[in-house]
Structures are given as structure tokens and as C-alpha cells.
Amino acid sequence: MNFTELPNGMVDGFVILKKCEEKKTRNGSSYLDLVIADNDGEMSAKLWDIGDTGVFEQDMIVKVRGNVEMYNGREQFRIANIRPVKDSDNYNLSDLVPSSEIGGAQLYDMIFNRVQRFQTAELKAIVTKILSDNRDKLITYPAALRLHHAIVGGLMYHTMSMLRMAEETCKVYQNINRELLFSGIILHDVAKTWELETGKTGLAKGYTAEGELIGHLVKGAIYVSDAARELGIDGDNEYVTLLQHMIISHHGVPEFGAAVRPMFLEAIILSELDNLDATIYEVNNATDKVEPHKFTERQWALDNRKLYNHGLAPTKHSVNFISEEE
């Protein structure tokens, strides 16, 4: 956490309230159970003496002062003072919210320009329409509520990372239909802009009711069907069917939400690249937080494994988004 050390031994700084719940102690007194965060990480926090401190809620940006203590082997922030930010406060939202290292708008343009080079008319038309119709949200949306690419602009970052891996994969395996694979990658998570609800910070704060009931896989397939119909493309067109299959199968297995398992090469590659990119992001995100030659805490999203930072890779993890064609 990006706290400033004070002469009295306390620390202070600006944070986002990722969680804010009022609870009761055993003796019946009220306290706030919080999770505070900035772009360096997050931490459990407690405000034991609520008093007349005011009303606080999730997604608020506040200034806190207190001490970092150890509780059950983990750091916890004991809040002495807390207040909402003021207009006169000198803070930057970019210091508080984890964001894509390259802006979502720039990544969107890189993706969109690739689509404009497609030779398959149906794929070019459908993907162009869906991208254009959803541009405003696509350039800012995170890719997840938690876990991989849950950052501002994370959806385009995740998509572009997968596209770059797909471009290199197609150089090795010559029988891949490049434009079909690229189209599936671009559209596989596009309905997350409908599934997830974002807060003031641009991060996801939960799922919409429709997102919980239907999900982005099914809605993404509906996007393809609707776009094809509006463009005058026959709903029985094979490209429409293949795209829909790629979207509803990209989670791989029914246990993870796939309606069916991937049943052709490009669908299988999409599913594998999706999982690989998410895994690489999670590993990098975890190992970045520990010193070289140290282990992370157990990562429940990675089979509850501890990960080892061997220190042999560059300290700054990034993706090469530039292909040889550009």
C-alpha cells in the first residue's frame, strides 16, 4: 500500500473502500469491517470506534490514518481516523485504481484496425459492428470482477494479449483459419460490458441481475445473432454458427460455465489461450508482490498453490502488443 509514514509512527494515505460493512462485536458495539485498496494492492482494515465519523460505503475514496498490524499472520490496518476526500485533496485516481499499462482506447484501435484487414466479409462485418456498438464501454471495462485483468481497461488488455498469442500460434500451425480465430478472441468476452456492473472508479463492483441469470457467454452469442440479422446475414450462415460456438464454449468445460466443449480447432485454441493468458496474469500479479527467492501466499485461483519468484525474469511484466505486420 502507498502509505506515507508520519513522525508519530502512524501512516496515512488515500485509498478506495473495496468493502465496507458495519458489524457488531461480541459486546454489541459497532465497528466497520473494510477492505482498503490502491494500485499497489489491498488490505483488510478495521475501524473499531465508529462514533460520528460519517457514512461510508463501497467504492468511496477516503483518506485514512492509522497503523499496520499483524492479525492471524496477515497485515491489517487499524484505522484511527478516516474521512471522505475533499476537492482540495492532492491525489490522483491513477494512484488508486489498477489500470492497463496501455490505454483501453489505444488497444481498442489496435484491435479494430486488425478487423479492418479481414478478407472474410461476414466476419469483418459482424465483428466491426459489435465493436463499434460497444466501444464506449469496451475501452474502459475490466475483464473480471476479481482475478485476471480486473483493472480499468483490462478487457481490451486481455483481448489484445490473446490476439498477439494467436498471431504467433498461426505462424507455427498453418492450417488455422486466422480470421475465424481472431474473431472469436475479439468477441469471446465482449458481453462482459453487459454482465458486469462498474462503480465510480471504473472497476467492477458486481454482476448485473441479467449477468447473473444469463452470463456473458450466452449474451455474446446473442450479440452475434443480432448483429448478423441487422446486417442482413443469414442466421444459418456457417460463420455465425461457428462464432456462437466459440463464444459459448470458451470456458472449456461445463463445470466452468461452458454450454458445450469446444468442438473445432479454432474454438479449442481460443479456450486454451484464454486460460493461458489468465494464468500468466495471475502468476505475474502474485509474484510481483514478493521479493526474489521468496514464495507467495497460496493462490486459491491457481489450485491453492504457493508460487516461487525465482528472480530471473524482468521485474516489469508487460506484453509486446506490436506484431511484425505493424
# chains A, B, ... in the order shown; residues from 1 in each chain; ligands from 1
>>> residues_around(residues="Glu167 in chain A", least_positions_apart="3", cutoff="9 Å", atoms="only C-alpha atoms", output="list in words")
Met162, Leu163, Arg164, Cys170, Lys171, Arg178, Phe182 and Ser323 of chain A
>>> residues_around(residues="range 286-290 of chain A", least_positions_apart="4", cutoff="7 Å", atoms="only C-alpha atoms", output="list of chain:residue names")
A:Glu282, A:Lys294, A:Phe295, A:Thr296, A:Leu307, A:Tyr308, A:Asn309
>>> closest_atom_pairs(of="range 148-239 of chain A", to="range 37-45 of chain A", cutoff="12 Å", atoms="only C-alpha atoms", output="tab-separated table")
residue	atom	partner	partner_atom	distance
A:Ala150	CA	A:Asn39	CA	11.5
A:Ile151	CA	A:Asn39	CA	9.4
A:Val152	CA	A:Asn39	CA	10.8
A:Thr201	CA	A:Asp38	CA	11.0
A:Leu203	CA	A:Asn39	CA	11.7
>>> select_by_dssp(residues="range 71-311 of chain A", states="helix (DSSP H, G or I)", output="MDAnalysis selection string")
chainID A and resid 93:95 104:115 121:133 135:138 154:172 178:187 192:195 209:213 216:230 238:249 254:256 265:287 300:302
>>> select_by_dssp(residues="range 37-182 of chain A", states="strand (DSSP E or B)", output="MDAnalysis selection string")
chainID A and resid 37:38 41:47 61:71 74:84 99 152
